[in-house]
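Visitor: protein-v2.csv is the file, holding CSV, C-alpha atoms:
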chain,number,residue,atom,x,y,z
A,1,MET,CA,85.9,163.1,169.4
A,2,LYS,CA,83.1,165.3,170.9
A,3,PRO,CA,83.5,169.0,171.5
A,4,GLY,CA,84.6,169.6,175.1
A,5,SER,CA,85.8,166.0,175.6
A,6,ALA,CA,89.1,165.2,177.3
A,7,LEU,CA,90.4,164.2,173.9
A,8,SER,CA,90.1,167.7,172.5
A,9,ARG,CA,93.5,168.9,171.3
A,10,HIS,CA,94.9,172.2,170.2
A,11,PHE,CA,97.7,173.0,167.7
A,12,LEU,CA,99.1,176.3,168.9
A,13,GLN,CA,102.8,175.6,168.4
A,14,PHE,CA,104.6,173.0,166.3
A,15,LYS,CA,105.8,171.3,169.5
A,16,ASP,CA,102.2,170.6,170.6
A,17,LEU,CA,102.4,167.4,168.6
A,18,ARG,CA,104.9,164.6,169.3
A,19,SER,CA,107.1,163.2,166.6
A,20,GLU,CA,105.0,160.1,166.1
A,21,GLU,CA,101.9,162.2,165.7
A,22,LEU,CA,103.7,164.4,163.2
A,23,ASN,CA,104.7,161.4,161.2
A,24,TYR,CA,101.2,160.1,161.3
A,25,LEU,CA,99.9,163.5,159.9
A,26,PHE,CA,102.4,163.4,157.1
A,27,ASP,CA,101.3,159.9,156.2
A,28,ARG,CA,97.6,161.0,156.3
A,29,ALA,CA,98.4,164.0,154.2
A,30,ARG,CA,100.0,161.8,151.6
A,31,ILE,CA,96.9,159.6,151.4
A,32,ILE,CA,94.5,162.6,151.4
A,33,LYS,CA,96.4,164.4,148.7
A,34,ALA,CA,96.5,161.2,146.5
A,35,ARG,CA,92.7,161.0,146.8
A,36,PHE,CA,92.4,164.6,145.9
A,37,LYS,CA,94.6,164.2,142.8
A,38,ASN,CA,92.6,161.1,141.8
A,39,TYR,CA,89.3,162.9,142.2
A,40,GLU,CA,88.2,160.4,144.9
A,41,ARG,CA,85.5,161.7,147.1
A,42,TYR,CA,86.6,161.7,150.8
A,43,GLN,CA,84.4,163.6,153.2
A,44,PRO,CA,84.9,162.4,156.8
A,45,LEU,CA,84.0,165.8,158.2
A,46,VAL,CA,80.4,166.0,157.1
A,47,ASP,CA,78.3,168.1,159.5
A,48,ARG,CA,81.4,169.6,161.0
A,49,THR,CA,82.0,173.4,161.0
A,50,LEU,CA,85.3,175.3,160.9
A,51,ALA,CA,85.3,178.9,162.2
A,52,MET,CA,88.2,180.9,160.7
A,53,ILE,CA,89.0,184.1,162.5
A,54,PHE,CA,91.4,186.5,160.7
A,55,GLU,CA,92.9,189.5,162.5
A,56,LYS,CA,95.8,189.2,160.0
A,57,ALA,CA,94.7,189.0,156.4
A,58,SER,CA,95.9,186.1,154.2
A,59,THR,CA,95.4,184.6,150.8
A,60,ARG,CA,96.9,181.1,151.3
A,61,THR,CA,95.6,180.6,154.8
A,62,ARG,CA,92.1,181.4,153.9
A,63,VAL,CA,92.0,179.4,150.6
A,64,SER,CA,93.8,176.4,152.0
A,65,PHE,CA,91.6,176.0,155.1
A,66,GLU,CA,88.3,176.9,153.4
A,67,ALA,CA,88.8,174.8,150.3
A,68,GLY,CA,90.2,171.9,152.5
A,69,MET,CA,87.3,171.9,154.9
A,70,TYR,CA,84.8,171.9,152.0
A,71,GLN,CA,86.6,169.1,150.3
A,72,MET,CA,86.4,167.1,153.5
A,73,GLY,CA,82.6,167.6,153.6
A,74,GLY,CA,82.4,170.3,156.3
A,75,SER,CA,81.3,173.9,156.2
A,76,VAL,CA,83.1,177.1,157.1
A,77,VAL,CA,82.3,180.4,158.9
A,78,HIS,CA,84.7,183.2,158.0
A,79,LEU,CA,85.2,186.1,160.5
A,80,THR,CA,87.4,189.1,159.9
A,81,THR,CA,88.7,191.8,162.3
A,82,GLY,CA,85.5,193.8,161.8
A,83,ASP,CA,83.3,190.7,162.5
A,84,SER,CA,85.1,189.4,165.6
A,85,GLN,CA,87.3,192.0,167.2
A,86,LEU,CA,88.8,189.5,169.6
A,87,GLY,CA,89.5,191.1,173.0
A,88,ARG,CA,88.1,194.5,171.9
A,89,ALA,CA,84.3,194.3,171.5
A,90,GLU,CA,84.3,191.6,174.3
A,91,PRO,CA,87.0,189.7,176.2
A,92,VAL,CA,88.7,187.0,174.1
A,93,GLU,CA,87.7,184.5,176.8
A,94,ASP,CA,84.0,185.3,176.2
A,95,SER,CA,84.3,185.1,172.5
A,96,ALA,CA,85.9,181.6,172.9
A,97,ARG,CA,83.1,180.4,175.1
A,98,VAL,CA,80.4,181.5,172.6
A,99,ILE,CA,82.1,180.6,169.3
A,100,SER,CA,83.2,177.1,170.5
A,101,ARG,CA,79.6,176.3,171.4
A,102,MET,CA,78.5,176.8,167.8
A,103,VAL,CA,81.3,175.2,165.7
A,104,ASP,CA,83.5,172.1,165.9
A,105,ILE,CA,87.0,173.5,165.3
A,106,VAL,CA,88.5,177.0,165.1
A,107,MET,CA,91.5,178.4,163.2
A,108,ILE,CA,92.8,181.8,164.3
A,109,ARG,CA,95.3,184.0,162.5
A,110,THR,CA,96.2,186.9,164.8
A,111,TYR,CA,99.1,189.0,166.2
A,112,GLU,CA,99.8,187.9,169.8
A,113,GLN,CA,100.3,184.3,170.7
A,114,ALA,CA,98.9,185.1,174.1
A,115,LYS,CA,95.5,186.0,172.6
A,116,LEU,CA,95.4,182.7,170.7
A,117,GLU,CA,96.3,180.8,173.9
A,118,ALA,CA,93.6,182.7,175.9
A,119,PHE,CA,91.0,181.7,173.3
A,120,ALA,CA,92.2,178.1,173.4
A,121,ALA,CA,92.1,177.9,177.2
A,122,HIS,CA,88.4,178.7,177.1
A,123,SER,CA,87.4,176.8,174.0
A,124,ARG,CA,85.3,173.6,174.0
A,125,VAL,CA,86.7,172.6,170.6
A,126,PRO,CA,90.2,172.3,169.0
A,127,VAL,CA,92.0,175.5,168.1
A,128,ILE,CA,94.6,175.8,165.3
A,129,ASN,CA,97.2,178.5,165.0
A,130,GLY,CA,96.9,179.9,161.5
A,131,LEU,CA,99.8,182.3,162.3
A,132,THR,CA,100.9,184.6,165.1
A,133,ASN,CA,103.8,186.9,165.6
A,134,GLU,CA,105.6,184.1,167.4
A,135,TYR,CA,104.8,180.9,165.4
A,136,HIS,CA,103.6,179.6,162.1
A,137,PRO,CA,103.1,175.8,162.7
A,138,CYS,CA,100.8,175.0,159.8
A,139,GLN,CA,103.3,176.4,157.3
A,140,ILE,CA,106.2,174.3,158.7
A,141,LEU,CA,103.9,171.2,158.5
A,142,ALA,CA,103.5,171.9,154.8
A,143,ASP,CA,107.2,172.6,154.3
A,144,ILE,CA,108.3,169.4,155.9
A,145,PHE,CA,105.7,167.4,154.1
A,146,THR,CA,107.0,168.9,150.8
A,147,PHE,CA,110.5,168.0,151.7
A,148,ILE,CA,109.4,164.4,152.4
A,149,GLU,CA,107.6,164.2,149.1
A,150,HIS,CA,110.8,165.3,147.2
A,151,ARG,CA,113.6,164.0,149.2
A,152,GLY,CA,112.3,161.5,151.8
A,153,SER,CA,112.9,161.8,155.6
A,154,ILE,CA,114.1,165.1,156.9
A,155,ALA,CA,115.8,163.5,159.9
A,156,GLY,CA,119.5,164.1,160.0
A,157,LYS,CA,119.3,166.8,157.3
A,158,VAL,CA,120.3,170.5,157.4
A,159,VAL,CA,117.9,173.3,156.8
A,160,ALA,CA,119.4,176.8,156.2
A,161,TRP,CA,117.3,179.7,157.4
A,162,VAL,CA,118.3,183.0,155.8
A,163,GLY,CA,116.7,186.2,156.9
A,164,ASP,CA,114.6,187.4,159.8
A,165,GLY,CA,114.5,185.6,163.1
A,166,ASN,CA,110.7,185.6,163.0
A,167,ASN,CA,107.8,183.3,163.6
A,168,MET,CA,108.9,181.0,160.7
A,169,ALA,CA,112.4,180.7,162.2
A,170,ASN,CA,111.1,180.0,165.6
A,171,THR,CA,108.9,177.2,164.3
A,172,TRP,CA,111.7,175.7,162.3
A,173,LEU,CA,113.7,175.4,165.5
A,174,GLN,CA,110.7,173.6,167.2
A,175,ALA,CA,110.5,171.3,164.2
A,176,ALA,CA,114.2,170.5,164.3
A,177,GLU,CA,114.0,169.5,167.9
A,178,ALA,CA,110.9,167.4,167.3
A,179,MET,CA,112.1,165.6,164.2
A,180,GLY,CA,115.8,165.3,164.6
A,181,PHE,CA,117.4,167.7,162.0
A,182,THR,CA,119.5,170.8,162.2
A,183,VAL,CA,118.8,174.4,161.3
A,184,HIS,CA,121.6,176.7,160.2
A,185,VAL,CA,120.4,180.2,161.1
A,186,SER,CA,121.8,183.4,159.6
A,187,THR,CA,120.2,186.7,160.4
A,188,PRO,CA,121.4,190.4,160.4
A,189,SER,CA,122.6,191.7,163.7
A,190,GLY,CA,119.6,192.7,165.8
A,191,TYR,CA,117.2,190.3,164.1
A,192,GLU,CA,118.4,187.1,165.7
A,193,VAL,CA,116.3,184.1,166.7
A,194,ASP,CA,115.5,184.1,170.4
A,195,ALA,CA,115.7,180.5,171.7
A,196,ALA,CA,113.5,181.4,174.6
A,197,VAL,CA,110.7,182.7,172.4
A,198,ALA,CA,111.2,179.7,170.1
A,199,GLY,CA,110.5,177.6,173.2
A,200,ILE,CA,113.1,174.9,172.6
A,201,SER,CA,115.2,173.0,175.2
A,202,ASN,CA,117.8,171.5,172.9
A,203,LYS,CA,120.1,174.2,171.5
A,204,ALA,CA,122.1,171.6,169.6
A,205,CYS,CA,119.3,171.5,167.0
A,206,TYR,CA,120.5,174.8,165.5
A,207,LYS,CA,123.7,176.6,164.7
A,208,VAL,CA,124.1,180.3,164.2
A,209,PHE,CA,126.2,181.8,161.3
A,210,ASN,CA,127.1,185.5,160.8
A,211,HIS,CA,127.1,185.1,157.0
A,212,PRO,CA,124.3,183.5,155.0
A,213,MET,CA,126.8,181.7,152.7
A,214,GLU,CA,128.1,179.8,155.7
A,215,ALA,CA,124.6,178.8,156.8
A,216,CYS,CA,123.8,177.5,153.3
A,217,ALA,CA,127.0,175.4,153.0
A,218,GLY,CA,126.0,171.8,152.8
A,219,ALA,CA,122.3,172.5,153.4
A,220,HIS,CA,119.6,170.1,152.0
A,221,LEU,CA,117.0,172.9,152.1
A,222,VAL,CA,117.4,176.6,151.9
A,223,THR,CA,114.5,178.7,153.0
A,224,THR,CA,113.6,182.3,153.7
A,225,ASP,CA,110.8,184.8,154.3
A,226,VAL,CA,110.0,188.4,153.6
A,227,TRP,CA,112.3,190.9,155.3
A,228,THR,CA,109.3,192.8,156.9
A,229,SER,CA,106.5,190.6,158.3
A,230,MET,CA,103.0,191.9,158.7
A,231,GLY,CA,102.7,194.2,161.7
A,232,TYR,CA,106.3,195.5,161.3
A,233,GLU,CA,105.7,197.8,158.3
A,234,ALA,CA,107.0,200.8,160.1
A,235,GLN,CA,110.5,199.2,160.1
A,236,ASN,CA,110.5,198.5,156.4
A,237,GLU,CA,113.2,201.0,155.3
A,238,GLU,CA,115.4,200.1,158.2
A,239,ARG,CA,115.0,196.4,157.4
A,240,ARG,CA,115.8,196.9,153.7
A,241,LYS,CA,119.2,198.3,154.7
A,242,ALA,CA,119.9,195.7,157.3
A,243,PHE,CA,119.0,192.7,155.2
A,244,VAL,CA,120.6,193.7,151.9
A,245,ASP,CA,123.2,190.8,152.2
A,246,TRP,CA,120.5,188.2,153.1
A,247,CYS,CA,119.0,187.7,149.6
A,248,VAL,CA,119.0,184.0,148.6
A,249,ASP,CA,120.8,183.9,145.3
A,250,ASP,CA,122.5,181.4,143.0
A,251,GLU,CA,125.7,181.6,144.9
A,252,MET,CA,124.0,180.6,148.1
A,253,MET,CA,122.3,177.7,146.4
A,254,ALA,CA,125.6,176.6,144.8
A,255,VAL,CA,127.2,176.0,148.2
A,256,ALA,CA,124.3,173.9,149.4
A,257,GLN,CA,123.9,170.3,148.5
A,258,PRO,CA,123.7,169.7,144.7
A,259,ASP,CA,120.1,168.5,145.1
A,260,ALA,CA,119.1,171.1,147.7
A,261,LEU,CA,115.6,172.5,147.6
A,262,PHE,CA,114.5,176.1,148.0
A,263,MET,CA,111.3,177.1,149.9
A,264,HIS,CA,109.5,180.3,150.7
A,265,CYS,CA,106.2,180.6,152.6
A,266,LEU,CA,105.0,183.4,150.2
A,267,PRO,CA,104.2,186.1,149.3
A,268,ALA,CA,107.7,186.7,147.9
A,269,HIS,CA,109.5,189.9,146.9
A,270,ARG,CA,111.8,189.0,144.1
A,271,GLY,CA,115.0,191.0,144.3
A,272,GLU,CA,114.7,191.4,148.1
A,273,GLU,CA,114.8,188.2,150.2
A,274,VAL,CA,115.3,185.9,147.1
A,275,THR,CA,116.3,186.4,143.4
A,276,GLY,CA,113.9,185.6,140.6
A,277,ASP,CA,116.4,183.0,139.3
A,278,VAL,CA,116.2,181.0,142.5
A,279,ILE,CA,112.4,181.2,143.3
A,280,ASP,CA,111.6,180.5,139.7
A,281,GLY,CA,114.4,178.0,139.2
A,282,PRO,CA,114.6,174.2,139.1
A,283,GLN,CA,115.4,173.8,142.8
A,284,SER,CA,112.4,175.8,143.9
A,285,VAL,CA,109.4,173.9,145.2
A,286,VAL,CA,107.4,176.8,146.5
A,287,TRP,CA,104.3,176.0,144.5
A,288,ASP,CA,104.1,172.4,145.8
A,289,GLU,CA,104.8,173.9,149.2
A,290,ALA,CA,101.9,176.3,148.9
A,291,GLU,CA,99.4,173.6,147.7
A,292,ASN,CA,100.5,171.3,150.5
A,293,ARG,CA,99.2,173.8,153.1
A,294,MET,CA,95.8,172.5,152.1
A,295,HIS,CA,96.6,168.8,152.3
A,296,VAL,CA,98.4,168.9,155.7
A,297,GLN,CA,95.7,171.1,157.2
A,298,LYS,CA,93.1,168.6,156.1
A,299,ALA,CA,95.0,165.9,157.8
A,300,LEU,CA,95.4,168.0,160.9
A,301,MET,CA,91.7,168.8,161.1
A,302,GLU,CA,90.8,165.2,160.6
A,303,TYR,CA,93.2,164.2,163.4
A,304,LEU,CA,92.0,166.9,165.8
A,305,LEU,CA,88.3,166.0,165.2
A,306,LEU,CA,88.4,162.3,164.6
A,307,GLY,CA,91.6,161.0,166.1
A,308,ARG,CA,93.6,158.4,164.3
A,309,ILE,CA,92.0,156.7,161.3
A,310,GLY,CA,92.5,153.0,160.9
Represent the structure of the file as structure tokens.
Guide:
Amino acid sequence: MKPGSALSRHFLQFKDLRSEELNYLFDRARIIKARFKNYERYQPLVDRTLAMIFEKASTRTRVSFEAGMYQMGGSVVHLTTGDSQLGRAEPVEDSARVISRMVDIVMIRTYEQAKLEAFAAHSRVPVINGLTNEYHPCQILADIFTFIEHRGSIAGKVVAWVGDGNNMANTWLQAAEAMGFTVHVSTPSGYEVDAAVAGISNKACYKVFNHPMEACAGAHLVTTDVWTSMGYEAQNEERRKAFVDWCVDDEMMAVAQPDALFMHCLPAHRGEEVTGDVIDGPQSVVWDEAENRMHVQKALMEYLLLGRIG
């Protein structure tokens, strides 16, 4: 797949990929991860360069993309806010035109989805959403892949979302619509998920509950996020008061399925959105989930650059 060709694809939202493409990615991630665990050299992206642009800092996003690209044989250019200043030092459209002539694929972690979309519209190469205020598609790829590893297909299952109606919640709704499962959503009043922002057409893919215990009842997976996402720090004290009953604890896990999993995209604040007993307990798969960011992103970059393998 050559830069600028008609085959170039972007991954800006979870729904940018069809269900069959998603299943292909999960299968490739399984193969790529197995090779990594067996110390088998696999470098299909030799001579390819990934540009990583960070306007929001991150530990997991940087390490997973950078290590993953090097493992696949490619190289990485890392740009921070001071290096790039998208839309400030120059129009984001001009940055896209320049950067995409010098690299083969771009990952951007920023605030507004509109800025990401403007960059992608003027890029000659694939653009990946590393996180925006509205969506976090690479994280949900990792979460679903982790569920598949531990429990098999997620189709027909129930995922309980407890906490803020944020970018993670929006993306879970997109995933539910694409892959045929249901999300039980429970948020404090005033922090609800907006189906229009989530960008889904099938409202039957999620149910809203006023109390988190009701959302967790019968769930196959219980998941949450910090109460205050990056960029909303000014609301921190207000959110602490509003979210006090939305801490995932043993009681919530007890009403879920007996073999229910717990996930968190990290970083986690024990004693706020989740108790230490839950995140460090036997149902938690957060460390597998964190590692799997790297493996699904390797599969994603391979797909966006090379298309289907085999």
Visitor: Provide the CA of Val92 (chain A) to CA of Val106 (chain A) distance in Å, to one decimal place.
Guide: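 Separating CA of Val92 (chain A) from CA of Val106 (chain A) is a distance of 13.5 Å.
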Visitor: Considering only C-alpha atoms, can you say which of A:Phe209, A:Phe14, A:Phe262, A:Phe26 comes closest to Leu131 (chain A)?
Guide: A:Phe14
Visitor: Can you pull out the residues contacting Lys298 (chain A)? Cut-off 8 Å, using only C-alpha atoms, and skip same-chain residues under 4 positions away; I want them as a VMD selection string.
Guide: chain A and resid 29 32 65 68 to 69 72 294 302
Visitor: Selected residues, C-alpha atoms, written as a CSV table (one decimal), in the frame of the given file, please.
Guide:
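Dumped everything to result-v6.csv:
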chain,number,residue,atom,x,y,z
A,29,ALA,CA,98.4,164.0,154.2
A,32,ILE,CA,94.5,162.6,151.4
A,65,PHE,CA,91.6,176.0,155.1
A,68,GLY,CA,90.2,171.9,152.5
A,69,MET,CA,87.3,171.9,154.9
A,72,MET,CA,86.4,167.1,153.5
A,294,MET,CA,95.8,172.5,152.1
A,302,GLU,CA,90.8,165.2,160.6
Visitor: CA of Ala121 (chain A) and CA of Asp16 (chain A) are how many Å apart?
Guide: 14.1 Å
Visitor: Counting only C-alpha atoms, which residues of region 165-225 of chain A fall within 10 Å of region 246-259 of chain A, and what is the closest atom pair for each with its distance in Å at one decimal, ordered by chain and rising number, as JSON lines?
Guide:
{"residue": "A:Ser186", "atom": "CA", "partner": "A:Trp246", "partner_atom": "CA", "distance": 8.2}
{"residue": "A:Thr187", "atom": "CA", "partner": "A:Trp246", "partner_atom": "CA", "distance": 7.5}
{"residue": "A:Pro188", "atom": "CA", "partner": "A:Trp246", "partner_atom": "CA", "distance": 7.7}
{"residue": "A:His211", "atom": "CA", "partner": "A:Trp246", "partner_atom": "CA", "distance": 8.3}
{"residue": "A:Pro212", "atom": "CA", "partner": "A:Trp246", "partner_atom": "CA", "distance": 6.3}
{"residue": "A:Met213", "atom": "CA", "partner": "A:Met252", "partner_atom": "CA", "distance": 5.5}
{"residue": "A:Glu214", "atom": "CA", "partner": "A:Val255", "partner_atom": "CA", "distance": 8.5}
{"residue": "A:Ala215", "atom": "CA", "partner": "A:Ala256", "partner_atom": "CA", "distance": 8.9}
{"residue": "A:Cys216", "atom": "CA", "partner": "A:Ala256", "partner_atom": "CA", "distance": 5.3}
{"residue": "A:Ala217", "atom": "CA", "partner": "A:Ala256", "partner_atom": "CA", "distance": 4.7}
{"residue": "A:Gly218", "atom": "CA", "partner": "A:Ala256", "partner_atom": "CA", "distance": 4.3}
{"residue": "A:Ala219", "atom": "CA", "partner": "A:Ala256", "partner_atom": "CA", "distance": 4.7}
{"residue": "A:His220", "atom": "CA", "partner": "A:Gln257", "partner_atom": "CA", "distance": 5.5}
{"residue": "A:Leu221", "atom": "CA", "partner": "A:Ala256", "partner_atom": "CA", "distance": 7.8}
{"residue": "A:Val222", "atom": "CA", "partner": "A:Met253", "partner_atom": "CA", "distance": 7.4}
{"residue": "A:Thr223", "atom": "CA", "partner": "A:Val248", "partner_atom": "CA", "distance": 8.2}
{"residue": "A:Thr224", "atom": "CA", "partner": "A:Val248", "partner_atom": "CA", "distance": 7.6}
{"residue": "A:Asp225", "atom": "CA", "partner": "A:Cys247", "partner_atom": "CA", "distance": 9.9}
Visitor: Emit as JSON the padded axis-aligned box for all listed atoms of region 153-157 of chain A, 5 Å per side, with centre and edge lengths in Å to one decimal.
Guide:
{"center_x": 116.2, "center_y": 164.3, "center_z": 157.8, "size_x": 16.6, "size_y": 15.0, "size_z": 14.4}
Visitor: When you draw a straight line from CA of Ser123 (chain A) to CA of Ala195 (chain A), how long is it in Å?
Guide: 28.6 Å
Visitor: Counting all atoms listed in the file, find the residues whose atoms lie at most 12 Å from (124.1, 174.6, 168.4) (file coordinates) and write them out as a list of chain:residue names.
Guide: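 Output: A:Leu173, A:Ala176, A:Glu177, A:Phe181, A:Thr182, A:Val183, A:His184, A:Val185, A:Ala195, A:Ile200, A:Ser201, A:Asn202, A:Lys203, A:Ala204, A:Cys205, A:Tyr206, A:Lys207, A:Val208, A:Phe209.
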Visitor: Quick one: of A:Tyr135, A:Tyr24, A:Tyr232, A:Tyr191, who's nearest to Gly163 (chain A), counting all atoms listed in the file?
Guide: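 Checking each candidate against Gly163 (chain A), we get A:Tyr191 as the closest.
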Visitor: Tell me which of A:Lys33, A:Arg239, A:Arg41, A:Arg270 sits closest to Asp288 (chain A), counting all atoms listed in the file.
Guide: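 The closest residue to Asp288 (chain A) is A:Lys33.
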Visitor: Which one of A:Leu304, A:Met107, A:Val159, A:Val296 sits closest to Phe145 (chain A) if you count only C-alpha atoms?
Guide: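 With only C-alpha atoms as the atom set, the closest residue is A:Val296.
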Visitor: Return the single residue from A:Gln71, A:Asn23, A:Thr110, A:Gln174 that is closest to Leu86 (chain A), with distances computed using only C-alpha atoms.
Guide: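 Result for the nearest residue to Leu86 (chain A): A:Thr110.
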Visitor: Which residues come within 7 Å of region 96-103 of chain A, counting all atoms listed in the file, excluding same-chain residues fewer than 5 positions away, as a PyMOL selection string?
Guide: chain A and resi 49-51+119+122-125
Visitor: Using all atoms listed in the file, which of the listed residues (A:Met52, A:Thr61, A:Gly73, A:Asn170) sits closest to Cys265 (chain A)?
Guide: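 Selected residue with least distance to Cys265 (chain A): A:Thr61.
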Visitor: Could you add N, CA and C atoms to region 276-289 of chain A and give me the result as an mmCIF file, keeping the file's coordinate frame?
Guide:
data_model
loop_
_atom_site.group_PDB
_atom_site.id
_atom_site.type_symbol
_atom_site.label_atom_id
_atom_site.label_comp_id
_atom_site.auth_asym_id
_atom_site.auth_seq_id
_atom_site.Cartn_x
_atom_site.Cartn_y
_atom_site.Cartn_z
ATOM 1 N N GLY A 276 114.829 186.259 141.510
ATOM 2 C CA GLY A 276 113.900 185.600 140.600
ATOM 3 C C GLY A 276 114.459 184.286 140.085
ATOM 4 N N ASP A 277 115.773 184.241 139.840
ATOM 5 C CA ASP A 277 116.400 183.000 139.300
ATOM 6 C C ASP A 277 116.250 181.846 140.267
ATOM 7 N N VAL A 278 116.269 182.119 141.570
ATOM 8 C CA VAL A 278 116.200 181.000 142.500
ATOM 9 C C VAL A 278 114.713 180.605 142.738
ATOM 10 N N ILE A 279 113.816 181.551 143.010
ATOM 11 C CA ILE A 279 112.400 181.200 143.300
ATOM 12 C C ILE A 279 111.731 180.577 142.085
ATOM 13 N N ASP A 280 112.149 180.987 140.887
ATOM 14 C CA ASP A 280 111.600 180.500 139.700
ATOM 15 C C ASP A 280 112.433 179.398 139.012
ATOM 16 N N GLY A 281 113.479 178.974 139.715
ATOM 17 C CA GLY A 281 114.400 178.000 139.200
ATOM 18 C C GLY A 281 114.086 176.579 139.466
ATOM 19 N N PRO A 282 114.911 175.651 139.013
ATOM 20 C CA PRO A 282 114.600 174.200 139.100
ATOM 21 C C PRO A 282 114.665 173.662 140.529
ATOM 22 N N GLN A 283 115.347 174.346 141.452
ATOM 23 C CA GLN A 283 115.400 173.800 142.800
ATOM 24 C C GLN A 283 114.280 174.320 143.692
ATOM 25 N N SER A 284 113.493 175.239 143.171
ATOM 26 C CA SER A 284 112.400 175.800 143.900
ATOM 27 C C SER A 284 111.178 174.867 143.924
ATOM 28 N N VAL A 285 110.602 174.660 145.106
ATOM 29 C CA VAL A 285 109.400 173.900 145.200
ATOM 30 C C VAL A 285 108.277 174.664 145.916
ATOM 31 N N VAL A 286 108.309 175.984 145.724
ATOM 32 C CA VAL A 286 107.400 176.800 146.500
ATOM 33 C C VAL A 286 105.929 176.612 146.085
ATOM 34 N N TRP A 287 105.655 176.183 144.849
ATOM 35 C CA TRP A 287 104.300 176.000 144.500
ATOM 36 C C TRP A 287 103.717 174.693 145.037
ATOM 37 N N ASP A 288 104.536 173.645 145.083
ATOM 38 C CA ASP A 288 104.100 172.400 145.800
ATOM 39 C C ASP A 288 103.925 172.734 147.274
ATOM 40 N N GLU A 289 104.829 173.515 147.822
ATOM 41 C CA GLU A 289 104.800 173.900 149.200
ATOM 42 C C GLU A 289 103.473 174.653 149.532
#
